$ cat structure-v2.cif   # mmCIF, C-alpha atoms
data_final
#
loop_
_atom_site.label_atom_id
_atom_site.label_comp_id
_atom_site.auth_asym_id
_atom_site.auth_seq_id
_atom_site.Cartn_x
_atom_site.Cartn_y
_atom_site.Cartn_z
CA ARG L 189 -0.79 37.65 -20.51
CA GLU L 190 -1.88 36.92 -16.93
CA ARG L 191 -0.69 33.34 -17.30
CA SER L 192 2.69 34.52 -18.56
CA ARG L 193 3.01 36.67 -15.46
CA ALA L 194 1.92 33.84 -13.14
CA LEU L 195 4.33 31.31 -14.66
CA PRO L 196 7.52 32.80 -13.13
CA ALA L 197 5.77 32.90 -9.76
CA ALA L 198 4.73 29.24 -10.05
CA VAL L 199 8.22 28.10 -11.06
CA GLY L 200 9.79 30.20 -8.29
CA ALA L 201 7.42 28.74 -5.68
CA LEU L 202 8.20 25.23 -6.92
CA CYS L 203 11.95 25.79 -6.59
CA ARG L 204 11.61 27.31 -3.10
CA ALA L 205 9.45 24.37 -1.95
CA LEU L 206 12.27 21.93 -2.73
CA PRO L 207 14.89 21.10 -0.06
CA PRO L 208 17.73 23.65 0.24
CA ARG L 209 20.40 21.19 -0.93
CA ALA L 210 18.40 20.36 -4.05
CA ARG L 211 17.00 23.80 -4.85
CA PRO L 212 17.54 24.69 -8.52
CA ALA L 213 17.43 28.15 -10.02
CA PRO L 214 14.16 28.99 -11.81
CA ASP L 215 16.19 29.73 -14.91
CA THR L 216 17.20 26.05 -15.05
CA LEU L 217 13.61 25.02 -15.80
CA ARG L 218 13.32 27.72 -18.47
CA LEU L 219 16.49 26.51 -20.19
CA ALA L 220 15.28 22.91 -20.01
CA ARG L 221 12.03 23.93 -21.69
CA PHE L 222 14.09 24.82 -24.79
CA ASP L 223 16.31 21.72 -24.38
CA ARG L 224 19.45 23.75 -23.68
CA PRO L 225 22.45 21.49 -22.93
CA GLN L 226 23.78 23.79 -20.19
CA ALA L 227 20.82 22.79 -17.97
CA SER L 228 21.34 19.02 -18.30
CA LEU L 229 23.95 18.57 -15.58
CA ASP L 230 21.95 20.67 -13.12
CA PHE L 231 18.86 18.56 -13.76
CA TRP L 232 20.75 15.26 -13.36
CA ARG L 233 22.07 16.47 -9.98
CA LEU L 234 18.60 17.67 -8.99
CA LEU L 235 16.97 14.30 -9.72
CA TYR L 236 19.87 12.48 -8.07
CA VAL L 237 19.51 14.35 -4.79
CA LEU L 238 15.71 14.16 -4.74
CA LEU L 239 15.55 10.44 -5.47
CA LYS L 240 18.30 9.75 -2.93
CA GLN L 241 16.28 11.52 -0.26
CA ILE L 242 13.11 9.61 -1.17
CA HIS L 243 14.95 6.28 -0.94
CA GLY L 244 16.73 7.25 2.28
CA GLY L 245 20.21 6.91 0.80
CA ARG L 246 23.34 8.91 1.40
CA TRP L 247 24.92 11.03 -1.26
CA SER L 248 27.74 13.47 -1.73
CA GLU L 249 28.15 16.37 -4.12
CA SER L 250 31.47 14.88 -5.16
CA ASP L 251 29.84 11.74 -6.60
CA ALA L 252 30.75 11.17 -10.22
CA ILE L 253 28.19 12.31 -12.76
CA GLU L 254 28.16 8.82 -14.33
CA THR L 255 27.18 7.34 -10.96
CA GLN L 256 24.44 9.91 -10.53
CA ILE L 257 23.02 9.27 -13.99
CA ARG L 258 23.01 5.48 -13.50
CA PHE L 259 21.21 5.83 -10.19
CA VAL L 260 18.61 8.25 -11.60
CA LYS L 261 17.83 6.00 -14.54
CA SER L 262 17.53 2.92 -12.33
CA ALA L 263 15.32 4.76 -9.79
CA LEU L 264 13.05 6.13 -12.50
CA TRP L 265 12.70 2.67 -13.98
CA TYR L 266 11.89 1.32 -10.52
CA HIS L 267 9.08 3.87 -10.13
CA GLY L 268 7.64 2.98 -13.54
CA TYR L 269 9.08 5.70 -15.77
CA ASP L 270 10.27 3.66 -18.75
CA ARG L 271 10.43 6.31 -21.46
CA PRO L 272 13.11 5.09 -23.89
CA GLN L 273 14.23 8.62 -24.81
CA LEU L 274 15.37 9.28 -21.24
CA HIS L 275 17.07 5.92 -20.71
CA GLY L 276 18.90 6.44 -23.98
CA LEU L 277 20.50 9.74 -22.91
CA PRO L 278 24.33 9.78 -22.87
CA ALA L 279 26.16 8.92 -19.65
CA ASP L 280 28.14 12.17 -19.60
CA GLY L 281 25.02 14.31 -19.05
CA SER L 282 25.70 16.58 -21.97
CA THR L 283 22.18 16.62 -23.45
CA GLY L 284 18.56 15.85 -22.64
CA SER L 285 17.49 18.69 -20.34
CA ARG L 286 13.94 18.68 -21.71
CA GLU L 287 13.60 14.94 -21.17
CA LEU L 288 14.76 15.47 -17.59
CA LEU L 289 12.21 18.26 -17.13
CA LEU L 290 9.53 15.85 -18.28
CA ALA L 291 10.73 13.16 -15.84
CA PHE L 292 10.86 15.70 -13.01
CA SER L 293 7.27 16.77 -13.72
CA TRP L 294 6.20 13.12 -13.84
CA LEU L 295 7.65 12.59 -10.36
CA LEU L 296 5.80 15.67 -9.11
CA HIS L 297 2.48 14.32 -10.32
CA ARG L 298 2.86 10.56 -9.88
CA LEU L 299 4.75 10.26 -6.59
CA GLY L 300 3.68 13.43 -4.79
CA LEU L 301 7.34 14.46 -4.74
CA LEU L 302 6.98 17.67 -2.76
CA GLU L 303 4.75 16.10 -0.13
CA GLN L 304 7.17 13.21 0.44
CA LEU L 305 10.16 15.52 0.73
CA LEU L 306 8.39 17.82 3.18
CA VAL L 307 7.51 14.87 5.39
CA ARG L 308 11.02 13.38 5.29
CA ASN L 309 12.85 16.66 5.88
CA ARG L 310 10.64 18.18 8.53
CA VAL L 311 12.22 19.31 11.77
CA LYS L 312 11.48 16.74 14.46
CA THR L 313 11.17 18.28 17.91
CA GLY L 314 9.27 15.42 19.54
CA ASP L 315 10.07 11.83 20.42
CA GLU L 316 8.69 9.59 17.71
CA THR L 317 8.43 5.91 17.02
CA SER L 318 7.31 3.92 14.01
CA VAL L 319 3.95 2.17 14.34
CA CYS L 320 2.62 -0.30 11.78
CA MET L 321 -0.78 -1.89 12.35
CA CYS L 322 -1.21 -3.03 8.76
CA GLU L 323 -1.94 -6.65 8.05
CA ASP L 324 0.73 -8.80 6.44
CA ASP L 325 -0.89 -9.93 3.18
CA LEU L 326 1.33 -12.82 2.08
CA PRO L 327 -1.09 -15.72 1.67
CA ASN L 328 1.02 -17.85 -0.70
CA ARG L 329 4.42 -17.74 0.92
CA GLN L 330 4.54 -21.50 1.40
CA GLU L 331 3.79 -22.27 -2.25
CA GLY L 332 6.37 -19.74 -3.40
CA ALA L 333 9.01 -21.25 -1.14
CA THR L 334 8.42 -24.78 -2.35
CA GLU L 335 8.38 -23.78 -6.01
CA ALA L 336 11.56 -21.77 -5.76
CA GLY L 337 13.45 -24.62 -4.13
CA PRO L 338 14.50 -26.68 -7.17
CA GLU L 339 15.87 -23.61 -8.97
CA GLY L 340 18.47 -22.87 -6.32
CA GLY L 341 21.39 -24.96 -7.48
CA LEU L 342 23.73 -23.79 -4.74
CA GLU L 343 21.36 -24.53 -1.86
CA GLY L 344 22.32 -28.20 -1.72
CA ARG L 345 26.04 -27.39 -1.46
CA VAL L 346 25.81 -24.93 1.46
CA ASP L 347 27.23 -26.28 4.72
CA VAL L 348 24.52 -26.49 7.35
CA ARG L 349 27.03 -25.46 10.04
CA TYR L 350 27.57 -22.17 8.25
CA LEU L 351 23.82 -21.58 8.21
CA GLN L 352 23.64 -22.35 11.93
CA TRP L 353 26.45 -19.88 12.58
CA LEU L 354 24.63 -17.20 10.58
CA ASN L 355 21.43 -17.92 12.47
CA GLY L 356 23.21 -17.60 15.81
CA ARG L 357 24.88 -14.37 14.78
CA LEU L 358 21.54 -12.96 13.63
CA ARG L 359 19.91 -13.93 16.91
CA PHE L 360 22.71 -12.29 18.91
CA GLN L 361 22.43 -9.04 16.94
CA TRP L 362 18.67 -9.11 17.30
CA HIS L 363 18.91 -9.52 21.08
CA THR L 364 21.48 -6.70 21.25
CA LEU L 365 19.22 -4.40 19.26
CA HIS L 366 16.25 -5.32 21.40
CA ALA L 367 18.19 -4.58 24.61
CA GLN L 368 19.30 -1.20 23.25
CA HIS L 369 15.75 -0.36 22.28
CA GLN L 370 14.53 -1.27 25.76
CA GLU L 371 17.20 0.95 27.32
CA GLN L 372 16.16 3.80 25.06
CA CYS L 373 12.52 3.36 26.10
CA LYS L 374 13.50 3.48 29.78
CA LEU L 375 15.47 6.70 29.30
CA LEU L 376 12.61 8.27 27.34
CA HIS L 377 10.19 7.32 30.10
CA LYS L 378 12.43 8.97 32.71
CA ILE L 379 12.64 12.19 30.70
CA HIS L 380 8.89 12.27 30.13
CA LEU L 381 8.18 11.52 33.78
CA PHE L 382 10.63 14.06 35.24
CA THR L 383 9.45 16.86 32.92
CA SER L 384 5.75 16.14 33.38
CA GLY L 385 3.73 19.31 33.77
CA SER L 386 6.40 21.58 32.27
CA HIS L 387 5.05 21.86 28.73
CA MET L 388 2.65 24.58 27.61
CA ASP L 389 0.60 22.12 25.58
CA GLN L 390 -1.73 20.18 27.85
CA ILE L 391 -1.87 17.22 25.47
CA LEU L 392 1.89 16.73 25.64
CA GLY L 393 2.47 17.78 29.24
CA HIS L 394 6.19 16.94 29.14
CA PHE L 395 9.35 17.71 27.22
CA SER L 396 10.91 15.62 24.50
CA VAL L 397 14.61 14.79 24.26
CA THR L 398 15.21 17.72 21.90
CA GLU L 399 13.32 20.15 24.12
CA THR L 400 15.14 18.90 27.21
CA ASP L 401 18.49 19.36 25.47
CA LEU L 402 17.52 22.90 24.50
CA VAL L 403 16.72 23.69 28.13
CA ARG L 404 20.12 22.38 29.21
CA GLN L 405 22.02 24.01 26.32
CA PRO L 406 20.22 27.22 25.30
CA GLU L 407 22.88 28.04 22.70
CA ASN L 408 21.38 25.32 20.47
CA TYR L 409 18.24 27.42 20.10
CA LYS L 410 19.82 29.40 17.27
CA GLN L 411 20.42 26.32 15.15
CA LEU L 412 16.90 25.00 15.78
CA LEU L 413 15.44 28.41 15.03
CA GLN L 414 17.23 28.53 11.69
CA LEU L 415 15.93 25.08 10.79
CA LEU L 416 12.38 26.02 11.74
CA GLU L 417 12.58 29.26 9.75
CA SER L 418 13.83 27.36 6.70
CA GLU L 419 11.03 24.82 7.04
CA THR L 420 8.47 27.61 7.43
CA MET L 421 9.65 29.26 4.22
CA GLN L 422 9.43 25.91 2.47
CA LEU L 423 5.85 25.39 3.67
CA GLU L 424 4.86 28.90 2.60
CA ALA L 425 6.36 28.25 -0.84
CA PHE L 426 4.47 24.94 -0.99
CA LEU L 427 1.16 26.69 -0.26
CA GLU L 428 1.91 29.23 -2.98
CA TRP L 429 2.81 26.40 -5.34
CA LYS L 430 -0.51 24.62 -4.74
CA GLN L 431 -2.35 27.78 -5.76
CA LEU L 432 -0.27 28.26 -8.92
CA GLU L 433 0.12 24.58 -9.82
CA PRO L 434 -2.41 24.64 -12.73
CA VAL L 435 -0.30 27.30 -14.44
CA TYR L 436 2.71 25.00 -14.33
CA TRP L 437 0.84 22.08 -15.88
CA GLN L 438 -0.52 24.27 -18.64
CA TRP L 439 3.06 25.25 -19.36
CA MET L 440 4.08 21.61 -19.43
CA GLU L 441 1.36 20.94 -22.02
CA THR L 442 3.14 23.37 -24.33
CA VAL L 443 6.40 21.49 -23.70
CA LEU L 444 4.72 18.22 -24.69
CA ASP L 445 3.27 19.86 -27.80
CA ASN L 446 6.72 21.01 -28.86
CA MET L 447 8.16 17.54 -28.29
CA ALA L 448 5.35 16.00 -30.33
CA GLU L 449 6.01 18.40 -33.18
CA GLU L 450 9.68 17.50 -33.20
CA GLY L 451 8.89 13.80 -33.40
CA ASN L 452 10.26 12.79 -30.01
CA MET L 453 7.07 11.17 -28.79
CA CYS L 454 6.22 7.54 -29.48
CA GLU L 455 3.96 7.10 -32.50
CA SER L 456 1.95 4.12 -31.32
CA GLN L 457 1.38 2.04 -28.25
CA ASP L 458 2.61 -1.11 -30.03
CA ALA L 459 5.95 0.46 -30.83
CA HIS L 460 6.21 1.61 -27.23
CA ALA L 461 5.50 -1.89 -25.95
CA GLU L 462 8.26 -3.34 -28.15
CA LYS L 463 10.78 -0.90 -26.71
CA ARG L 464 9.71 -1.69 -23.16
CA ARG L 465 12.74 -3.45 -21.74
CA VAL L 466 15.07 -3.07 -18.81
CA PRO L 467 17.70 -0.45 -19.66
CA GLU L 468 21.35 -1.30 -19.74
CA VAL L 469 22.04 1.01 -16.82
CA THR L 470 20.66 -1.59 -14.43
CA SER L 471 23.78 -3.66 -15.02
CA CYS L 472 25.57 -1.39 -12.55
CA CYS L 473 23.49 -2.93 -9.75
CA PRO L 474 24.38 -6.51 -8.77
CA TRP L 475 20.77 -7.36 -7.96
CA ALA L 476 19.27 -5.93 -11.14
CA ASP L 477 19.69 -9.00 -13.36
CA LYS L 478 18.27 -11.34 -10.70
CA LEU L 479 15.36 -9.00 -10.02
CA THR L 480 14.66 -8.68 -13.73
CA GLY L 481 14.63 -12.46 -14.10
CA GLN L 482 12.21 -12.81 -11.20
CA MET L 483 9.93 -10.16 -12.70
CA ASP L 484 9.95 -11.93 -16.07
CA ARG L 485 9.22 -15.28 -14.44
CA LEU L 486 6.35 -13.82 -12.42
CA SER L 487 4.97 -12.17 -15.53
CA ARG L 488 5.02 -15.48 -17.39
CA ASP L 489 3.39 -17.25 -14.44
CA LEU L 490 0.64 -14.65 -14.29
CA MET L 491 -0.02 -14.94 -17.99
CA ALA L 492 -0.17 -18.74 -17.70
CA LEU L 493 -2.58 -18.53 -14.75
CA GLN L 494 -4.72 -16.07 -16.66
CA ASP L 495 -4.92 -18.44 -19.62
CA GLN L 496 -5.75 -21.37 -17.33
CA LEU L 497 -8.46 -19.36 -15.60
CA HIS L 498 -9.93 -18.32 -18.94
CA GLN L 499 -9.96 -21.93 -20.14
CA LEU L 500 -11.55 -23.11 -16.89
CA VAL L 501 -14.28 -20.47 -17.09
CA THR L 502 -14.95 -21.39 -20.71
CA GLN L 503 -15.21 -25.10 -19.85
CA ARG L 504 -17.52 -24.43 -16.90
CA LYS L 505 -19.78 -22.26 -19.05
CA ALA L 506 -19.89 -24.86 -21.78
CA ALA L 507 -20.73 -27.61 -19.31
CA TRP L 508 -23.43 -25.46 -17.71
CA TRP L 509 -25.07 -24.60 -21.02
CA GLN L 510 -24.95 -28.27 -22.01
CA LYS L 511 -26.91 -29.16 -18.89
CA VAL L 512 -29.38 -26.38 -19.57
CA ARG L 513 -30.00 -27.62 -23.13
CA LEU L 514 -30.78 -31.13 -21.85
CA TRP L 515 -33.54 -29.83 -19.62
CA ALA L 516 -37.00 -29.60 -20.98
CA PRO L 517 -38.36 -26.11 -21.76
CA GLU L 518 -41.16 -26.59 -19.24
CA GLU L 519 -38.59 -27.29 -16.53
CA LEU L 520 -36.91 -23.96 -17.23
CA GLN L 521 -40.17 -22.12 -16.72
CA LYS L 522 -40.66 -23.45 -13.19
CA GLU L 523 -40.23 -21.12 -10.23
CA GLY L 524 -37.77 -23.48 -8.58
CA PHE L 525 -35.26 -23.10 -11.38
CA SER L 526 -35.42 -19.30 -11.23
CA ALA L 527 -35.02 -19.31 -7.45
CA THR L 528 -32.02 -21.63 -7.71
CA ALA L 529 -30.43 -19.41 -10.33
CA ARG L 530 -30.95 -16.33 -8.13
CA LYS L 531 -29.40 -18.10 -5.16
CA ILE L 532 -26.35 -19.09 -7.20
CA GLN L 533 -25.97 -15.55 -8.47
CA GLU L 534 -26.24 -14.11 -4.96
CA SER L 535 -23.70 -16.63 -3.68
CA VAL L 536 -21.26 -15.62 -6.42
CA GLU L 537 -21.74 -11.93 -5.60
CA VAL L 538 -21.10 -12.58 -1.90
CA LYS L 539 -17.88 -14.43 -2.70
CA LEU L 540 -16.74 -11.64 -4.99
CA ARG L 541 -17.43 -9.03 -2.32
CA GLY L 542 -15.44 -11.14 0.14
CA LEU L 543 -12.48 -11.26 -2.22
CA ILE L 544 -12.67 -7.51 -2.80
CA SER L 545 -12.83 -6.80 0.93
CA ILE L 546 -9.82 -9.04 1.55
CA HIS L 547 -7.63 -7.26 -0.98
CA ALA L 548 -9.01 -3.76 -0.35
CA PRO L 549 -6.68 -1.40 1.58
CA LYS L 550 -7.46 -1.05 5.26
CA LYS L 551 -7.95 2.66 5.82
CA ASN L 552 -8.32 2.42 9.57
CA LYS L 553 -4.88 0.90 10.10
CA ILE L 554 -2.16 3.19 11.44
CA HIS L 555 1.17 3.21 9.65
CA GLY L 556 4.05 5.66 10.02
CA LEU L 557 5.66 7.80 12.68
CA CYS L 558 3.78 8.69 15.86
CA ARG L 559 4.87 11.02 18.63
CA LEU L 560 5.44 9.42 22.03
CA VAL L 561 3.34 11.06 24.73
CA LEU L 562 3.25 9.90 28.35
CA ARG L 563 -0.27 9.39 29.68
CA ASN L 564 -0.66 9.54 33.44
CA LYS L 565 -3.76 8.77 35.44
CA HIS L 566 -3.84 12.36 36.69
CA PRO L 567 -3.79 15.26 34.21
CA ALA L 568 -0.64 17.34 33.89
CA SER L 569 -0.39 20.20 36.34
CA SER L 570 -0.19 23.82 35.30
CA THR L 571 3.29 24.34 36.64
CA GLY L 572 6.22 25.24 34.44
CA PHE L 573 5.57 27.92 31.85
CA GLY L 574 2.17 29.01 33.13
CA GLN L 575 -1.35 27.88 32.45
CA PRO L 576 -1.40 25.16 29.77
CA GLN L 577 -3.36 25.69 26.59
CA LEU L 578 -6.50 23.67 26.11
CA SER L 579 -6.66 21.59 22.95
CA LYS L 580 -8.52 18.53 21.79
CA GLU L 581 -7.07 15.06 21.57
CA PRO L 582 -5.81 14.32 18.04
CA VAL L 583 -7.97 11.97 16.05
CA SER L 584 -5.08 9.75 14.93
CA ALA L 585 -3.85 9.09 18.49
CA VAL L 586 -3.13 5.48 19.35
CA SER L 587 -2.42 4.07 22.78
CA ALA L 588 0.47 1.77 23.60
CA THR L 589 -1.99 -0.82 24.91
CA GLU L 590 -3.69 -0.99 21.52
CA VAL L 591 -0.36 -1.41 19.72
CA ILE L 592 0.74 -4.11 22.18
CA ARG L 593 -2.53 -5.98 21.71
CA GLU L 594 -2.13 -5.81 17.93
CA LEU L 595 1.44 -7.08 18.14
CA GLN L 596 0.41 -9.93 20.43
CA MET L 597 -2.26 -11.02 17.97
CA ARG L 598 0.24 -10.91 15.12
CA GLU L 599 2.76 -12.83 17.21
CA ALA L 600 0.21 -15.56 17.91
CA SER L 601 -0.62 -15.76 14.20
CA LEU L 602 3.06 -16.08 13.25
CA GLN L 603 3.57 -18.68 15.98
CA ARG L 604 0.75 -20.78 14.58
CA GLU L 605 2.24 -20.48 11.12
CA LEU L 606 5.66 -21.49 12.48
CA GLU L 607 4.21 -24.57 14.16
CA GLN L 608 2.46 -25.52 10.93
CA LEU L 609 5.71 -25.21 8.97
CA ARG L 610 7.56 -27.28 11.58
CA GLU L 611 4.96 -30.01 11.39
CA GLU L 612 5.23 -30.06 7.61
CA CYS L 613 9.02 -30.31 7.91
CA ARG L 614 8.69 -33.23 10.36
CA GLN L 615 6.38 -35.05 8.00
CA ARG L 616 8.73 -34.44 5.10
CA LEU L 617 11.70 -35.72 7.11
CA ASP L 618 9.74 -38.81 8.12
CA GLU L 619 8.96 -39.53 4.47
CA ILE L 620 12.63 -39.15 3.56
CA ALA L 621 13.73 -41.34 6.50
CA GLU L 622 11.36 -44.14 5.47
CA GLY L 623 13.12 -44.34 2.12
CA LEU L 624 16.56 -44.88 3.70
CA GLU L 625 17.42 -48.49 4.38
CA GLY L 626 19.70 -49.37 7.26
CA VAL L 627 19.69 -45.83 8.65
CA ILE L 628 18.27 -44.82 12.00
CA CYS L 629 17.21 -41.16 12.24
CA ILE L 630 16.92 -39.63 15.71
CA SER L 631 15.04 -36.31 15.72
CA PRO L 632 16.69 -33.52 17.73
#
$ encode --input "structure-v2.cif" --output "structure tokens"
Amino acid sequence: RERSRALPAAVGALCRALPPRARPAPDTLRLARFDRPQASLDFWRLLYVLLKQIHGGRWSESDAIETQIRFVKSALWYHGYDRPQLHGLPADGSTGSRELLLAFSWLLHRLGLLEQLLVRNRVKTGDETSVCMCEDDLPNRQEGATEAGPEGGLEGRVDVRYLQWLNGRLRFQWHTLHAQHQEQCKLLHKIHLFTSGSHMDQILGHFSVTETDLVRQPENYKQLLQLLESETMQLEAFLEWKQLEPVYWQWMETVLDNMAEEGNMCESQDAHAEKRRVPEVTSCCPWADKLTGQMDRLSRDLMALQDQLHQLVTQRKAAWWQKVRLWAPEELQKEGFSATARKIQESVEVKLRGLISIHAPKKNKIHGLCRLVLRNKHPASSTGFGQPQLSKEPVSAVSATEVIRELQMREASLQRELEQLREECRQRLDEIAEGLEGVICISP
């Protein structure tokens, strides 16, 4: 009885924690639990808006329902939700509300849907920039480029002058973007410098662009206040949802039990694997067929490499045991053999730890948005709005000098890789030129 009373509160908190433009009525989830068709369209629109926000795309409420359904199915397939019952739903959105409830709950659990939406839709009052100090783990780019070359049938028929024109246009746009970014940095520095000592927070010490605009145009405070109040209500609903979340998942277990009783669940893992295929809805995207082909080719390559590795390990083991059998039993009992075996085992363990450390995620690397804060040699004065509040430096703070040093190291690494690729191209051109008789090649 207590759980039945807590369930409406959990569903209500979940709905309030969603963005305002994608906030469904709690009754929609109740209707979907009984697979009512009148809740299907509302759920398709809900998933459409949520997935569009996650992928940073633009949407309009006037988009056709067929377009929304195709996008939702493709996005769910992209995130790994390949349940055939959902991808087989009709394109008019007339049925399947319970399947959509199941997909929505899967997104909540698998992707951290609420957390991502709260981060993307938060009100930004400070000046931020994106910082990425992660390492670029692409060790086999050269092999992939050489292997993919023969498959491109159109590459040999592309005019090199057109490629040069595209390269020049790209360079021009890149320089324009870089100049605009530099101008923006100069203006931000002026604002931070001129408003130094005016902020109540001692860590910040200066105003951001938004705060400066609010000082110049106080009438914009009402709009910002409404946005902050809406975000506060969303955060309060999210905290309430985290407390009542187990009630929601217990309720979803009953939904799964009902679906299993009605025979909608897959009977065996083998039957599910046979139905695992790219849905037809991906044909609406021009890149879907090419991406699917690449995925299939990579899957076949991985399976072939796995078989080769298994065969190689089997051969090495057989050869090793053959050598061991040829040795005399008294030789195996010597201390030297045991010490050698221990050394080999330790060497293998060290190599395995090295491979694991290479591919393990670097937790100390900073990635994401960071607020820009001007750091002067002298601390910010207490002028402005009174005595500043004392607070500790945030743990995740990163200095511009550290970011610049990281970028310089990455630039040097990329420059070395570029020089290596150029040298390989020169050698390849020299080999081709040697095979041409009566032709003199002059390098540029």
$ atom_distance --input "structure-v2.cif" --atom1 "atom CA of Leu217 of chain L" --atom2 "atom CA of Lys430 of chain L"
17.9 Å
$ residues_around --input "structure-v2.cif" --residues "Glu287 of chain L" --least-positions-apart "4" --cutoff "8 Å" --atoms "only C-alpha atoms" --output "mmCIF file with C-alpha atoms, in the coordinates of the input"
data_model
loop_
_atom_site.group_PDB
_atom_site.id
_atom_site.type_symbol
_atom_site.label_atom_id
_atom_site.label_comp_id
_atom_site.auth_asym_id
_atom_site.auth_seq_id
_atom_site.Cartn_x
_atom_site.Cartn_y
_atom_site.Cartn_z
ATOM 1 C CA ASP L 223 16.310 21.720 -24.380
ATOM 2 C CA GLN L 273 14.230 8.620 -24.810
ATOM 3 C CA LEU L 274 15.370 9.280 -21.240
ATOM 4 C CA ALA L 291 10.730 13.160 -15.840
#
$ atom_distance --input "structure-v2.cif" --atom1 "atom CA of Ser487 of chain L" --atom2 "atom CA of Lys505 of chain L"
27.0 Å
$ closest_residue --input "structure-v2.cif" --among "L:Arg246, L:Arg193, L:Arg209, L:Arg286" --to "Val443 of chain L" --atoms "all atoms listed in the file"
L:Arg286
$ residues_near_point --input "structure-v2.cif" --point "(18.7, 20.5, -10.8)" --cutoff "9 Å" --atoms "all atoms listed in the file" --output "VMD selection string"
chain L and resid 210 to 213 216 to 217 227 to 237
$ atom_distance --input "structure-v2.cif" --atom1 "atom CA of Leu486 of chain L" --atom2 "atom CA of Trp265 of chain L"
17.7 Å
$ closest_residue --input "structure-v2.cif" --among "L:Leu238, L:Leu413, L:Met447, L:Met483" --to "Leu306 of chain L" --atoms "all atoms listed in the file"
L:Leu238
$ axis_aligned_box --input "structure-v2.cif" --around "segment 305-314 of chain L" --padding-each-side "4 Å" --output "JSON"
{"center_x": 10.2, "center_y": 16.3, "center_z": 10.1, "size_x": 13.3, "size_y": 13.9, "size_z": 26.8}
$ decode --input "structure-v2.cif" --residues "segment 587-625 of chain L" --atoms "C-alpha atoms" --output "PDB file, in the first residue's frame"
ATOM      1  CA  SER L 587      45.095  26.959 -15.619  1.00  0.00           C
ATOM      2  CA  ALA L 588      45.478  28.282 -19.140  1.00  0.00           C
ATOM      3  CA  THR L 589      49.218  27.605 -18.965  1.00  0.00           C
ATOM      4  CA  GLU L 590      48.565  23.921 -18.352  1.00  0.00           C
ATOM      5  CA  VAL L 591      46.139  23.718 -21.274  1.00  0.00           C
ATOM      6  CA  ILE L 592      48.590  25.555 -23.561  1.00  0.00           C
ATOM      7  CA  ARG L 593      51.394  23.199 -22.561  1.00  0.00           C
ATOM      8  CA  GLU L 594      49.180  20.187 -23.271  1.00  0.00           C
ATOM      9  CA  LEU L 595      48.193  21.573 -26.669  1.00  0.00           C
ATOM     10  CA  GLN L 596      51.825  22.289 -27.550  1.00  0.00           C
ATOM     11  CA  MET L 597      52.787  18.713 -26.739  1.00  0.00           C
ATOM     12  CA  ARG L 598      49.936  17.401 -28.859  1.00  0.00           C
ATOM     13  CA  GLU L 599      50.894  19.758 -31.677  1.00  0.00           C
ATOM     14  CA  ALA L 600      54.468  18.476 -31.615  1.00  0.00           C
ATOM     15  CA  SER L 601      53.211  14.884 -31.697  1.00  0.00           C
ATOM     16  CA  LEU L 602      50.951  15.597 -34.674  1.00  0.00           C
ATOM     17  CA  GLN L 603      53.781  17.431 -36.434  1.00  0.00           C
ATOM     18  CA  ARG L 604      56.041  14.410 -36.050  1.00  0.00           C
ATOM     19  CA  GLU L 605      53.298  12.186 -37.406  1.00  0.00           C
ATOM     20  CA  LEU L 606      52.799  14.562 -40.345  1.00  0.00           C
ATOM     21  CA  GLU L 607      56.501  14.512 -41.178  1.00  0.00           C
ATOM     22  CA  GLN L 608      56.491  10.721 -41.035  1.00  0.00           C
ATOM     23  CA  LEU L 609      53.531  10.549 -43.429  1.00  0.00           C
ATOM     24  CA  ARG L 610      55.219  13.015 -45.792  1.00  0.00           C
ATOM     25  CA  GLU L 611      58.378  10.954 -45.827  1.00  0.00           C
ATOM     26  CA  GLU L 612      56.387   7.828 -46.597  1.00  0.00           C
ATOM     27  CA  CYS L 613      54.637   9.664 -49.436  1.00  0.00           C
ATOM     28  CA  ARG L 614      58.002  10.803 -50.847  1.00  0.00           C
ATOM     29  CA  GLN L 615      59.315   7.270 -50.780  1.00  0.00           C
ATOM     30  CA  ARG L 616      56.185   5.989 -52.453  1.00  0.00           C
ATOM     31  CA  LEU L 617      56.426   8.641 -55.171  1.00  0.00           C
ATOM     32  CA  ASP L 618      60.083   7.795 -55.733  1.00  0.00           C
ATOM     33  CA  GLU L 619      59.174   4.135 -56.189  1.00  0.00           C
ATOM     34  CA  ILE L 620      56.471   5.060 -58.683  1.00  0.00           C
ATOM     35  CA  ALA L 621      58.804   7.443 -60.548  1.00  0.00           C
ATOM     36  CA  GLU L 622      61.473   4.748 -60.911  1.00  0.00           C
ATOM     37  CA  GLY L 623      58.984   2.600 -62.786  1.00  0.00           C
ATOM     38  CA  LEU L 624      58.257   5.301 -65.399  1.00  0.00           C
ATOM     39  CA  GLU L 625      60.565   5.249 -68.382  1.00  0.00           C
TER      40      GLU L 625
END
